[in-house]
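Novice: Structure file work_0.txt (compact mmCIF, C-alpha atoms and all ligand atoms) right here:
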```txt
# COMPACT_ATOMS: atom_id res chain seq x y z
CA MET Z 1 109.66 100.94 -25.75
CA THR Z 2 111.57 103.39 -27.96
CA ILE Z 3 114.17 101.80 -30.20
CA ALA Z 4 117.04 103.74 -31.79
CA ILE Z 5 118.29 102.44 -35.13
CA ILE Z 6 121.60 103.80 -36.40
CA GLY Z 7 121.74 103.46 -40.19
CA ALA Z 8 119.10 104.17 -42.82
CA GLY Z 9 120.34 101.76 -45.47
CA ILE Z 10 118.10 98.93 -46.66
CA ALA Z 11 118.83 96.83 -43.52
CA GLY Z 12 118.01 99.60 -41.03
CA ALA Z 13 114.93 100.56 -43.06
CA ALA Z 14 113.62 96.97 -43.23
CA CYS Z 15 114.19 96.58 -39.49
CA ALA Z 16 112.51 99.91 -38.69
CA GLN Z 17 109.47 99.20 -40.83
CA ARG Z 18 108.96 95.75 -39.36
CA LEU Z 19 109.39 97.00 -35.76
CA GLN Z 20 106.87 99.77 -36.39
CA GLN Z 21 104.43 97.23 -37.84
CA GLN Z 22 104.93 95.23 -34.61
CA GLY Z 23 103.80 98.30 -32.61
CA GLN Z 24 107.22 99.56 -31.50
CA HIS Z 25 108.25 103.20 -31.49
CA VAL Z 26 111.34 103.66 -33.64
CA VAL Z 27 113.72 106.55 -34.34
CA VAL Z 28 116.28 106.15 -37.14
CA PHE Z 29 119.55 108.11 -37.30
CA ASP Z 30 121.66 108.48 -40.43
CA LYS Z 31 124.68 110.63 -41.13
CA GLY Z 32 123.79 110.97 -44.82
CA ARG Z 33 121.81 113.89 -46.22
CA ALA Z 34 119.40 111.32 -47.64
CA VAL Z 35 118.53 107.74 -46.73
CA GLY Z 36 119.72 104.73 -48.75
CA GLY Z 37 123.34 104.11 -47.70
CA ARG Z 38 125.11 102.03 -50.31
CA MET Z 39 121.93 102.00 -52.39
CA SER Z 40 122.20 105.76 -52.94
CA SER Z 41 122.36 107.24 -56.41
CA LYS Z 42 123.99 110.64 -56.80
CA ARG Z 43 121.68 113.38 -58.06
CA THR Z 44 123.16 115.51 -60.88
CA SER Z 45 121.72 117.98 -63.38
CA ALA Z 46 122.05 115.26 -66.06
CA GLY Z 47 120.10 112.67 -64.02
CA TYR Z 48 120.95 110.21 -61.25
CA LEU Z 49 124.25 108.31 -61.24
CA ASP Z 50 124.37 104.84 -59.69
CA LEU Z 51 127.76 104.68 -57.97
CA GLY Z 52 126.95 101.97 -55.39
CA ALA Z 53 124.47 99.11 -55.81
CA GLN Z 54 123.70 98.60 -59.49
CA TYR Z 55 120.62 96.37 -59.33
CA PHE Z 56 119.24 93.70 -57.04
CA THR Z 57 117.95 90.20 -57.42
CA ALA Z 58 115.45 88.21 -55.32
CA ARG Z 59 116.19 84.58 -54.47
CA THR Z 60 113.96 84.13 -51.39
CA PRO Z 61 110.14 84.10 -51.28
CA ALA Z 62 110.09 86.87 -48.62
CA PHE Z 63 112.17 89.31 -50.66
CA SER Z 64 110.39 88.33 -53.91
CA SER Z 65 107.09 89.34 -52.24
CA GLN Z 66 108.63 92.64 -51.12
CA CYS Z 67 109.80 93.26 -54.70
CA GLN Z 68 106.26 92.57 -55.98
CA ARG Z 69 104.93 95.22 -53.53
CA TRP Z 70 107.55 97.71 -54.68
CA LEU Z 71 106.72 96.97 -58.33
CA ALA Z 72 103.03 97.66 -57.59
CA GLN Z 73 104.00 100.92 -55.81
CA GLN Z 74 106.17 101.84 -58.82
CA VAL Z 75 109.26 102.48 -56.69
CA ILE Z 76 111.21 99.79 -58.57
CA GLU Z 77 111.13 98.28 -62.04
CA ARG Z 78 112.76 95.41 -63.86
CA TRP Z 79 116.05 96.34 -65.47
CA HIS Z 80 116.36 94.85 -68.95
CA GLY Z 81 119.95 95.94 -69.59
CA ALA Z 82 121.83 93.90 -72.20
CA LEU Z 83 124.56 92.02 -70.36
CA GLY Z 84 128.08 91.36 -71.54
CA LEU Z 85 131.10 89.60 -70.14
CA ILE Z 86 134.79 90.34 -70.46
CA GLU Z 87 136.82 87.25 -69.67
CA GLN Z 88 140.50 86.80 -70.46
CA GLY Z 89 140.31 90.09 -72.30
CA MET Z 90 137.51 88.95 -74.64
CA LEU Z 91 134.14 90.75 -74.72
CA GLY Z 92 130.98 88.84 -75.56
CA ALA Z 93 127.25 88.75 -74.90
CA SER Z 94 126.22 87.05 -71.66
CA PRO Z 95 122.43 87.09 -71.45
CA ASP Z 96 120.58 85.16 -68.74
CA ALA Z 97 117.06 84.73 -67.37
CA THR Z 98 117.68 86.41 -63.98
CA GLU Z 99 115.22 89.14 -63.00
CA ARG Z 100 117.10 92.26 -61.90
CA TYR Z 101 115.46 95.23 -60.24
CA ILE Z 102 116.36 98.91 -59.89
CA GLY Z 103 114.86 101.73 -57.84
CA ILE Z 104 113.21 104.44 -59.95
CA PRO Z 105 114.22 107.14 -60.56
CA SER Z 106 117.09 106.33 -58.19
CA MET Z 107 118.39 103.34 -56.30
CA GLN Z 108 117.35 104.60 -52.84
CA LYS Z 109 113.64 104.79 -53.75
CA PRO Z 110 112.68 101.47 -52.06
CA VAL Z 111 114.54 102.54 -48.89
CA GLN Z 112 112.60 105.81 -48.89
CA GLN Z 113 109.37 103.83 -49.26
CA LEU Z 114 110.18 101.61 -46.25
CA LEU Z 115 110.92 104.70 -44.13
CA ALA Z 116 108.00 106.81 -45.39
CA ASP Z 117 106.15 106.82 -42.01
CA ILE Z 118 109.19 106.60 -39.74
CA SER Z 119 111.02 109.38 -37.95
CA VAL Z 120 114.52 109.79 -39.47
CA GLN Z 121 117.03 112.19 -37.95
CA HIS Z 122 120.00 113.17 -40.09
CA ALA Z 123 122.87 113.12 -37.62
CA GLU Z 124 126.15 111.26 -37.33
CA VAL Z 125 126.15 109.29 -34.09
CA SER Z 126 129.67 109.68 -32.73
CA ALA Z 127 129.29 107.77 -29.45
CA VAL Z 128 126.87 105.42 -27.71
CA HIS Z 129 126.87 104.71 -23.95
CA PHE Z 130 125.03 101.92 -22.16
CA GLU Z 131 124.17 103.08 -18.63
CA GLN Z 132 121.59 101.85 -16.15
CA GLY Z 133 119.87 99.70 -18.74
CA CYS Z 134 119.53 102.48 -21.34
CA TRP Z 135 121.41 103.60 -24.41
CA GLN Z 136 122.45 107.22 -24.78
CA LEU Z 137 123.34 108.44 -28.25
CA TYR Z 138 125.62 111.41 -28.85
CA ALA Z 139 126.61 113.57 -31.82
CA GLY Z 140 129.75 115.20 -30.45
CA ALA Z 141 128.73 116.77 -27.13
CA ASP Z 142 125.01 116.77 -28.01
CA LEU Z 143 122.79 114.10 -26.49
CA LEU Z 144 120.55 112.85 -29.30
CA GLY Z 145 118.34 110.83 -26.98
CA GLN Z 146 117.99 107.96 -24.55
CA PHE Z 147 116.59 104.61 -25.71
CA GLN Z 148 115.64 101.25 -24.24
CA GLN Z 149 117.02 99.31 -27.19
CA LEU Z 150 119.76 100.03 -29.75
CA VAL Z 151 120.03 98.63 -33.25
CA LEU Z 152 123.19 99.12 -35.27
CA ALA Z 153 122.50 98.81 -39.01
CA VAL Z 154 125.87 100.11 -40.19
CA PRO Z 155 128.87 98.41 -41.85
CA GLN Z 156 130.97 96.19 -39.57
CA GLN Z 157 133.93 98.52 -39.12
CA GLN Z 158 131.65 101.46 -38.25
CA ALA Z 159 129.74 99.32 -35.73
CA ALA Z 160 133.03 98.24 -34.10
CA ARG Z 161 134.07 101.87 -33.61
CA LEU Z 162 130.79 102.75 -31.87
CA LEU Z 163 130.76 99.67 -29.64
CA GLN Z 164 134.21 99.95 -28.03
CA GLN Z 165 132.60 100.26 -24.58
CA VAL Z 166 130.79 96.91 -24.72
CA ILE Z 167 133.04 94.81 -27.00
CA GLU Z 168 135.32 93.60 -24.20
CA SER Z 169 132.45 92.15 -22.15
CA GLN Z 170 130.67 90.47 -25.10
CA TRP Z 171 132.44 87.49 -26.64
CA GLN Z 172 130.02 87.37 -29.60
CA LEU Z 173 130.99 90.93 -30.54
CA LYS Z 174 134.69 90.18 -30.12
CA SER Z 175 134.50 87.29 -32.56
CA LEU Z 176 132.33 89.27 -35.01
CA PHE Z 177 134.88 92.06 -35.16
CA ALA Z 178 138.00 89.86 -35.14
CA GLN Z 179 137.89 89.31 -38.92
CA ILE Z 180 137.24 92.08 -41.47
CA ALA Z 181 133.87 91.55 -43.18
CA LEU Z 182 133.79 94.27 -45.84
CA LEU Z 183 136.34 95.26 -48.49
CA PRO Z 184 136.46 98.61 -50.31
CA CYS Z 185 135.38 99.57 -53.83
CA TRP Z 186 136.36 102.61 -55.87
CA ALA Z 187 133.55 103.68 -58.24
CA VAL Z 188 133.99 106.19 -61.06
CA ASN Z 189 131.41 107.70 -63.37
CA ILE Z 190 132.89 108.87 -66.66
CA GLU Z 191 131.03 111.25 -68.94
CA LEU Z 192 132.35 110.83 -72.46
CA ALA Z 193 132.52 113.63 -75.00
CA GLU Z 194 129.43 113.83 -77.27
CA SER Z 195 131.61 112.90 -80.26
CA ASP Z 196 132.88 109.73 -78.54
CA SER Z 197 131.00 106.51 -78.05
CA LEU Z 198 132.16 103.10 -76.95
CA PRO Z 199 131.90 100.39 -79.59
CA VAL Z 200 129.61 98.16 -77.49
CA GLN Z 201 125.94 97.23 -77.39
CA PHE Z 202 125.91 96.25 -73.72
CA ASP Z 203 124.44 98.10 -70.75
CA GLY Z 204 126.16 96.13 -68.01
CA ILE Z 205 129.40 94.17 -68.36
CA PHE Z 206 130.78 91.69 -65.82
CA VAL Z 207 134.57 91.80 -65.92
CA LYS Z 208 136.26 88.63 -64.69
CA GLN Z 209 139.90 87.82 -63.93
CA ASP Z 210 140.96 91.43 -64.43
CA ALA Z 211 143.49 92.93 -62.01
CA GLN Z 212 141.72 96.29 -61.97
CA ILE Z 213 138.02 96.38 -62.75
CA SER Z 214 135.00 94.17 -62.02
CA TRP Z 215 131.96 95.86 -63.61
CA LEU Z 216 131.05 98.46 -66.25
CA ALA Z 217 127.61 99.93 -66.80
CA ARG Z 218 125.88 102.45 -69.02
CA GLN Z 219 123.88 104.74 -66.69
CA GLY Z 220 121.47 105.68 -69.48
CA SER Z 221 120.06 102.15 -69.66
CA LYS Z 222 118.10 102.87 -66.45
CA THR Z 223 115.05 105.09 -65.94
CA GLY Z 224 115.93 108.46 -64.38
CA ARG Z 225 119.68 108.11 -64.75
CA ALA Z 226 122.08 110.35 -66.70
CA GLY Z 227 122.31 109.94 -70.48
CA PRO Z 228 124.11 107.49 -72.79
CA GLN Z 229 127.52 109.17 -72.49
CA HIS Z 230 127.78 108.23 -68.78
CA TRP Z 231 129.70 105.03 -67.95
CA LEU Z 232 130.24 103.59 -64.50
CA VAL Z 233 133.43 101.72 -63.62
CA HIS Z 234 133.79 99.55 -60.48
CA PHE Z 235 137.28 98.54 -59.40
CA THR Z 236 138.00 95.16 -57.79
CA PRO Z 237 138.27 94.93 -53.98
CA ALA Z 238 142.00 94.14 -54.23
CA TRP Z 239 142.82 97.10 -56.50
CA SER Z 240 140.59 99.39 -54.41
CA ALA Z 241 142.31 98.34 -51.18
CA GLU Z 242 145.74 98.85 -52.65
CA HIS Z 243 144.82 102.30 -54.03
CA LEU Z 244 142.49 103.42 -51.25
CA GLU Z 245 144.31 106.69 -50.56
CA LEU Z 246 144.66 107.89 -54.17
CA SER Z 247 142.87 111.15 -54.98
CA ALA Z 248 139.52 111.07 -56.79
CA ASP Z 249 141.18 112.53 -59.91
CA GLU Z 250 143.94 109.91 -59.93
CA VAL Z 251 141.40 107.09 -59.69
CA ALA Z 252 139.34 108.69 -62.47
CA GLN Z 253 142.41 108.61 -64.72
CA HIS Z 254 142.86 104.90 -63.98
CA ALA Z 255 139.17 104.34 -64.80
CA LEU Z 256 139.46 106.09 -68.16
CA ALA Z 257 142.60 104.12 -68.98
CA ALA Z 258 140.85 100.86 -68.04
CA LEU Z 259 137.87 101.72 -70.25
CA GLN Z 260 140.21 102.42 -73.19
CA ARG Z 261 142.15 99.24 -72.51
CA VAL Z 262 139.20 96.84 -72.37
CA PHE Z 263 137.49 98.35 -75.43
CA ASN Z 264 140.73 98.97 -77.28
CA THR Z 265 139.69 102.47 -78.27
CA ARG Z 266 140.58 106.07 -77.38
CA VAL Z 267 137.88 108.20 -75.79
CA LYS Z 268 137.83 111.57 -74.04
CA ALA Z 269 136.23 112.24 -70.66
CA VAL Z 270 134.50 115.60 -70.28
CA ALA Z 271 133.72 114.99 -66.59
CA THR Z 272 134.36 112.33 -63.97
CA LEU Z 273 132.96 111.60 -60.52
CA SER Z 274 134.80 109.20 -58.22
CA HIS Z 275 133.47 107.71 -55.00
CA ARG Z 276 135.44 105.65 -52.50
CA TRP Z 277 133.30 103.06 -50.72
CA ARG Z 278 135.44 102.04 -47.76
CA TYR Z 279 133.09 99.23 -46.76
CA ALA Z 280 131.57 97.75 -49.89
CA GLN Z 281 131.80 94.07 -50.64
CA GLN Z 282 131.67 91.10 -48.32
CA VAL Z 283 134.70 88.90 -47.75
CA ALA Z 284 133.80 85.47 -49.13
CA ASP Z 285 134.49 83.37 -46.03
CA TYR Z 286 133.04 85.72 -43.39
CA PRO Z 287 130.74 83.67 -41.09
CA LEU Z 288 127.04 84.46 -41.57
CA LEU Z 289 124.78 84.92 -38.52
CA GLY Z 290 122.00 86.74 -40.37
CA ALA Z 291 121.64 89.21 -37.50
CA LEU Z 292 122.69 89.34 -33.85
CA ARG Z 293 120.69 90.13 -30.71
CA LEU Z 294 122.40 90.58 -27.34
CA HIS Z 295 119.67 90.51 -24.68
CA ASP Z 296 121.68 91.66 -21.67
CA VAL Z 297 122.95 94.84 -23.31
CA LYS Z 298 119.73 95.52 -25.25
CA LEU Z 299 121.60 95.61 -28.50
CA GLY Z 300 120.92 94.33 -32.00
CA LEU Z 301 123.09 94.27 -35.11
CA CYS Z 302 121.94 93.83 -38.70
CA GLY Z 303 123.29 94.61 -42.14
CA ASP Z 304 124.54 92.96 -45.30
CA TRP Z 305 127.89 92.05 -43.70
CA LEU Z 306 126.11 89.64 -41.29
CA ASN Z 307 124.22 87.93 -44.08
CA GLY Z 308 126.31 87.59 -47.25
CA GLY Z 309 126.42 91.05 -48.86
CA ARG Z 310 123.82 92.07 -51.49
CA VAL Z 311 120.69 94.18 -51.13
CA GLU Z 312 118.44 91.17 -50.59
CA ASN Z 313 120.59 89.84 -47.75
CA ALA Z 314 120.70 93.25 -46.05
CA TRP Z 315 116.89 93.48 -46.20
CA LEU Z 316 116.56 89.92 -44.84
CA SER Z 317 118.99 90.72 -42.02
CA GLY Z 318 116.99 93.80 -40.94
CA LYS Z 319 113.74 91.84 -41.05
CA GLN Z 320 115.25 88.93 -39.08
CA LEU Z 321 116.50 91.24 -36.32
CA ALA Z 322 113.10 92.95 -35.99
CA GLU Z 323 111.43 89.54 -35.63
CA GLU Z 324 113.99 88.45 -33.00
CA LEU Z 325 113.42 91.68 -31.05
CA ALA Z 326 109.69 90.91 -30.91
CA LEU Z 327 110.29 87.62 -29.07
P1 LIG O 1 124.37 100.55 -45.77
O1 LIG O 1 123.64 100.75 -47.04
O2 LIG O 1 125.83 100.83 -45.76
O3 LIG O 1 123.67 101.48 -44.66
C1 LIG O 1 124.32 101.90 -43.49
C2 LIG O 1 123.90 103.34 -43.18
O4 LIG O 1 124.46 103.70 -41.91
C3 LIG O 1 124.41 104.37 -44.18
O5 LIG O 1 123.32 105.10 -44.71
C4 LIG O 1 125.33 105.27 -43.35
O6 LIG O 1 125.23 106.64 -43.71
C5 LIG O 1 124.80 105.06 -41.94
N1 LIG O 1 125.79 105.26 -40.87
C6 LIG O 1 126.99 104.64 -40.71
N2 LIG O 1 127.58 105.06 -39.56
C7 LIG O 1 126.74 105.96 -39.01
C8 LIG O 1 126.80 106.75 -37.82
N3 LIG O 1 127.83 106.70 -36.97
N4 LIG O 1 125.76 107.60 -37.55
C9 LIG O 1 124.70 107.67 -38.39
N5 LIG O 1 124.59 106.95 -39.53
C10 LIG O 1 125.60 106.11 -39.83
N6 LIG O 1 124.25 94.72 -53.82
C11 LIG O 1 123.43 94.16 -54.73
O7 LIG O 1 122.53 93.40 -54.36
N7 LIG O 1 123.58 94.41 -56.07
C12 LIG O 1 124.57 95.22 -56.53
O8 LIG O 1 124.66 95.46 -57.73
C13 LIG O 1 125.46 95.80 -55.61
N8 LIG O 1 126.48 96.56 -56.02
C14 LIG O 1 127.23 97.24 -55.10
C15 LIG O 1 128.22 98.10 -55.53
C16 LIG O 1 128.95 98.86 -54.63
C17 LIG O 1 130.02 99.79 -55.11
C18 LIG O 1 128.66 98.76 -53.25
C19 LIG O 1 129.37 99.63 -52.26
C20 LIG O 1 127.70 97.87 -52.81
C21 LIG O 1 126.99 97.09 -53.73
N9 LIG O 1 126.03 96.17 -53.33
C22 LIG O 1 125.23 95.55 -54.24
C23 LIG O 1 125.83 95.88 -51.92
C24 LIG O 1 124.61 96.62 -51.36
O9 LIG O 1 124.67 97.98 -51.71
C25 LIG O 1 124.63 96.45 -49.85
O10 LIG O 1 124.63 95.06 -49.55
C26 LIG O 1 123.45 97.08 -49.13
O11 LIG O 1 123.05 98.29 -49.71
C27 LIG O 1 123.86 97.28 -47.67
O12 LIG O 1 122.81 97.80 -46.92
P2 LIG O 1 122.98 98.05 -45.37
O13 LIG O 1 121.72 98.68 -44.90
O14 LIG O 1 123.45 96.81 -44.71
O15 LIG O 1 124.19 99.08 -45.21
P1 LIG O 2 123.74 88.42 -60.00
O1 LIG O 2 123.08 87.12 -59.75
O2 LIG O 2 123.40 89.19 -61.21
O3 LIG O 2 125.32 88.24 -60.01
C1 LIG O 2 126.10 87.43 -59.16
C2 LIG O 2 127.42 87.11 -59.84
O4 LIG O 2 127.18 86.11 -60.84
C3 LIG O 2 128.03 88.29 -60.60
O5 LIG O 2 128.94 89.03 -59.80
C4 LIG O 2 128.74 87.62 -61.74
O6 LIG O 2 130.01 87.17 -61.33
C5 LIG O 2 127.89 86.40 -62.03
N1 LIG O 2 126.91 86.65 -63.12
C6 LIG O 2 125.58 86.85 -62.97
N2 LIG O 2 124.99 86.99 -64.16
C7 LIG O 2 125.96 86.87 -65.09
C8 LIG O 2 125.96 86.94 -66.50
N3 LIG O 2 124.85 87.17 -67.20
N4 LIG O 2 127.15 86.76 -67.13
C9 LIG O 2 128.28 86.53 -66.43
N5 LIG O 2 128.34 86.47 -65.10
C10 LIG O 2 127.19 86.64 -64.43
O7 LIG O 2 123.47 89.41 -58.78
P2 LIG O 2 123.47 89.19 -57.21
O8 LIG O 2 123.86 87.83 -56.78
O9 LIG O 2 122.21 89.77 -56.73
O10 LIG O 2 124.72 90.06 -56.81
C11 LIG O 2 124.78 91.38 -56.78
C12 LIG O 2 125.85 91.98 -57.63
O11 LIG O 2 126.37 93.03 -56.85
C13 LIG O 2 127.02 91.09 -57.98
O12 LIG O 2 127.39 91.35 -59.29
C14 LIG O 2 128.11 91.56 -57.03
O13 LIG O 2 129.40 91.40 -57.58
C15 LIG O 2 127.76 93.01 -56.92
N6 LIG O 2 128.30 93.66 -55.71
C16 LIG O 2 129.30 94.53 -55.90
C17 LIG O 2 129.87 95.16 -54.81
C18 LIG O 2 130.99 96.12 -55.00
O14 LIG O 2 131.54 96.60 -54.01
N7 LIG O 2 131.36 96.43 -56.23
C19 LIG O 2 129.39 94.90 -53.52
C20 LIG O 2 128.34 94.00 -53.35
C21 LIG O 2 127.79 93.39 -54.48
```
Just dump the structure as structure tokens.

Specialist:
Amino acid sequence: MTIAIIGAGIAGAACAQRLQQQGQHVVVFDKGRAVGGRMSSKRTSAGYLDLGAQYFTARTPAFSSQCQRWLAQQVIERWHGALGLIEQGMLGASPDATERYIGIPSMQKPVQQLLADISVQHAEVSAVHFEQGCWQLYAGADLLGQFQQLVLAVPQQQAARLLQQVIESQWQLKSLFAQIALLPCWAVNIELAESDSLPVQFDGIFVKQDAQISWLARQGSKTGRAGPQHWLVHFTPAWSAEHLELSADEVAQHALAALQRVFNTRVKAVATLSHRWRYAQQVADYPLLGALRLHDVKLGLCGDWLNGGRVENAWLSGKQLAEELAL
């Protein structure tokens, strides 16, 4: 049986690897130039920039074992960034004992490792049709292939768009798509002038109860990333949703202003890079199925949005779906 998987993020990659280990033939499609999805770091001449996932943690035995394998393969390492917290406008140290991991030299490295022996085609799937017990995948007018089983490992809203044909006849899909699962996040990398530095010792700062931003990080605290003058700003889901259609430059100006506000200092940006993640962070009360398999239409869905957000939950969702497909 040949299985098509749309999406080469950590969920699609975990699903693909497990299916291949179970003896299935798998083809993965991704619209990105590289694999990794929201775990992708942006390559620049100064080093990688982490604009999406910042690090990941492991709370389950299965994912902890996977992390141990990745550590042994040297595709990830422990991140020992000094953590801070801004709460009610006050900045302070906030160390803890949690182990946090990063891909090296970029966040997508573990995804690349999972897909190392798997066929990945870089194409945006624009339509899928279920006919006579088979799935046909299209990129515009081009038929990408015909498959006995389809796995969607893409964010909820992108899955809903592709599945219009079958949603009406499948009540589980209708209820999955009735409530929005993922909220947006604007991310901005700010390169400060050489003469400027922020008056802080921290590499990652959780920002709580702020109307604008939720996280700040020094890229240079991670192996392979751009130097110490590069700071990453994540905006809150609410601010990002409200300002979704601003230009990249406008959002960068808000990011610089926020940095100056929280550190109460003036700094100059020599370059900025903004990225709008339309589907980023899971809505807190979205019901968690882990993954979904629909036997009669030979369809499976996996991804972080079905399992609580986070890298670990996306990986677990992909693995769960592969195991369900083997039954
Ligand atoms: P994705 O990574 O989104 O993968 C889906 C893939 O599908 C993408 O590669 C996309 O290109 C592809 N695709 C979509 N539609 C199509 C199509 N029609 N045709 C072909 N390909 C298609 N998690 C953490 O654990 N720690 C963090 O610090 C953290 N920080 C985050 C910060 C931000 C700004 C964001 C956005 C996310 C963060 N997350 C974090 C969440 C984490 O990145 C995700 O939970 C995880 O990467 C999701 O993996 P996934 O495989 O489910 O989806
Ligand atoms: P984690 O255990 O480090 O953090 C979970 C949450 O606990 C944090 O968001 C923070 O509120 C709190 N926290 C943890 N350590 C803290 C400390 N030392 N001081 C103060 N607060 C602390 O990581 P995780 O559970 O693996 O979560 C992944 C991270 O990814 C979270 O921070 C989450 O907010 C972030 N995320 C961001 C987006 C986005 O769109 N920006 C999307 C998904 C996940």

Novice: Could you give me, as a short mmCIF file (atom, residue, chain, number, x, y, z; two decimals) with C-alpha atoms, in the frame of the given file, the residues that have an atom at most 9 Å away from the point (140.7, 100.1, -55.7) in the coordinates of the file, using only C-alpha atoms?

Specialist:
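Ended up saving to result-v4.cif:
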```
data_model
loop_
_atom_site.label_atom_id
_atom_site.label_comp_id
_atom_site.auth_asym_id
_atom_site.auth_seq_id
_atom_site.Cartn_x
_atom_site.Cartn_y
_atom_site.Cartn_z
CA PRO Z 184 136.46 98.61 -50.31
CA CYS Z 185 135.38 99.57 -53.83
CA TRP Z 186 136.36 102.61 -55.87
CA ALA Z 187 133.55 103.68 -58.24
CA GLN Z 212 141.72 96.29 -61.97
CA ILE Z 213 138.02 96.38 -62.75
CA HIS Z 234 133.79 99.55 -60.48
CA PHE Z 235 137.28 98.54 -59.40
CA THR Z 236 138.00 95.16 -57.79
CA PRO Z 237 138.27 94.93 -53.98
CA ALA Z 238 142.00 94.14 -54.23
CA TRP Z 239 142.82 97.10 -56.50
CA SER Z 240 140.59 99.39 -54.41
CA ALA Z 241 142.31 98.34 -51.18
CA GLU Z 242 145.74 98.85 -52.65
CA HIS Z 243 144.82 102.30 -54.03
CA LEU Z 244 142.49 103.42 -51.25
CA LEU Z 246 144.66 107.89 -54.17
CA VAL Z 251 141.40 107.09 -59.69
CA ARG Z 276 135.44 105.65 -52.50
#
```

Novice: Name the closest residue to Ser45 of chain Z among the candidates Z:Val26, Z:Glu131, Z:Arg278, Z:Arg225; distances are taken between atoms, counting all atoms listed in the file.

Specialist: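 Selected residue with least distance to Ser45 of chain Z: Z:Arg225.
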
Novice: I need every residue sitting at most 8 Å from the point (117.3, 93.4, -52.8) (coordinates as in the file, all atoms listed in the file considered), written as a PDB file with C-alpha atoms, keeping the file's coordinate frame.

Specialist:
```pdb
ATOM      1  CA  TYR Z  55     120.620  96.370 -59.330  1.00  0.00           C
ATOM      2  CA  PHE Z  56     119.240  93.700 -57.040  1.00  0.00           C
ATOM      3  CA  THR Z  57     117.950  90.200 -57.420  1.00  0.00           C
ATOM      4  CA  ALA Z  58     115.450  88.210 -55.320  1.00  0.00           C
ATOM      5  CA  PHE Z  63     112.170  89.310 -50.660  1.00  0.00           C
ATOM      6  CA  CYS Z  67     109.800  93.260 -54.700  1.00  0.00           C
ATOM      7  CA  TYR Z 101     115.460  95.230 -60.240  1.00  0.00           C
ATOM      8  CA  ARG Z 310     123.820  92.070 -51.490  1.00  0.00           C
ATOM      9  CA  VAL Z 311     120.690  94.180 -51.130  1.00  0.00           C
ATOM     10  CA  GLU Z 312     118.440  91.170 -50.590  1.00  0.00           C
ATOM     11  CA  ASN Z 313     120.590  89.840 -47.750  1.00  0.00           C
ATOM     12  CA  ALA Z 314     120.700  93.250 -46.050  1.00  0.00           C
ATOM     13  CA  TRP Z 315     116.890  93.480 -46.200  1.00  0.00           C
TER      14      TRP Z 315
END
```

Novice: If we count only C-alpha atoms, what is near Val200 of chain Z at a cut-off of 10 Å, once residues fewer than 5 positions away on the same chain are taken out, given as a PyMOL selection string?

Specialist: chain Z and resi 84+91-92+205+263

Novice: Just the residues within 9 Å of segment 47-49 of chain Z, please, counting only C-alpha atoms, with nothing from its chain fewer than 3 positions along; format it as a PyMOL selection string.

Specialist: chain Z and resi 40-44+105-107+189+219-220+224-227+230+232

Novice: Env of Arg38 of chain Z: 8 Å cut, atoms = all atoms listed in the file, seq-sep filter 4 positions within chain, self excluded. Answer as a count of residues only.

Specialist: 4

Novice: So which residues touch Ser126 of chain Z within 7 Å, counting only C-alpha atoms, skipping near sequence neighbours fewer than 2 positions away, as an MDAnalysis selection string?

Specialist: chainID Z and resid 124 138:140

Novice: Quick one: of Z:Gln260, Z:Gln20, Z:Gln229, Z:Asn307, who's nearest to ligand LIG 2 (chain O), counting all atoms listed in the file?

Specialist: Z:Asn307

Novice: At what distance in Å, to one decimal, does atom CA of Ala193 of chain Z lie from atom CA of Val267 of chain Z?

Specialist: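 Value for the atom CA of Val267 of chain Z-atom CA of Ala193 of chain Z distance: 7.7 Å.
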
Novice: Expressed in Å to a single decimal, how great is the separation between atom CA of Gln24 of chain Z and atom CA of Leu150 of chain Z?

Specialist: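 For atom CA of Gln24 of chain Z relative to atom CA of Leu150 of chain Z, the distance reads 12.7 Å.
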
Novice: Tell me which protein, DNA and RNA residues are within 8 Å of Ala271 of chain Z, counting all atoms listed in the file, leaving out same-chain ones fewer than 6 positions away, and put them as a ChimeraX atom specification.

Specialist: /Z:190-192

Novice: Considering only C-alpha atoms, can you say which of Z:Ala82, Z:Val262, Z:Ala181, Z:Leu256 comes closest to Asp285 of chain Z?

Specialist: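 The closest residue to Asp285 of chain Z is Z:Ala181.
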
Novice: Take atom CA of Val283 of chain Z and atom O2 of ligand LIG 1 (chain O) and report the distance between them in Å, one decimal.

Specialist: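 Distance reported for this atom pair: 15.0 Å.
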
Novice: Tell me which of Z:Leu327, Z:Val188, Z:Ala97, Z:Leu289 sits closest to Ala269 of chain Z, counting all atoms listed in the file.

Specialist: Z:Val188

Novice: Here is a test: counting only C-alpha atoms and all ligand atoms, which residue of Z:Ala123, Z:Leu173, Z:Ala291, Z:Ala93 is nearest to ligand LIG 2 (chain O)?

Specialist: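 Closest to ligand LIG 2 (chain O), using only C-alpha atoms and all ligand atoms: Z:Ala93.
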
Novice: Determine the nearest neighbour of ligand LIG 1 (chain O) from the options Z:Pro95, Z:Pro287, Z:Gly318, Z:Gly81, counting all atoms listed in the file.

Specialist: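 Under the stated criterion, the closest residue is Z:Gly318.
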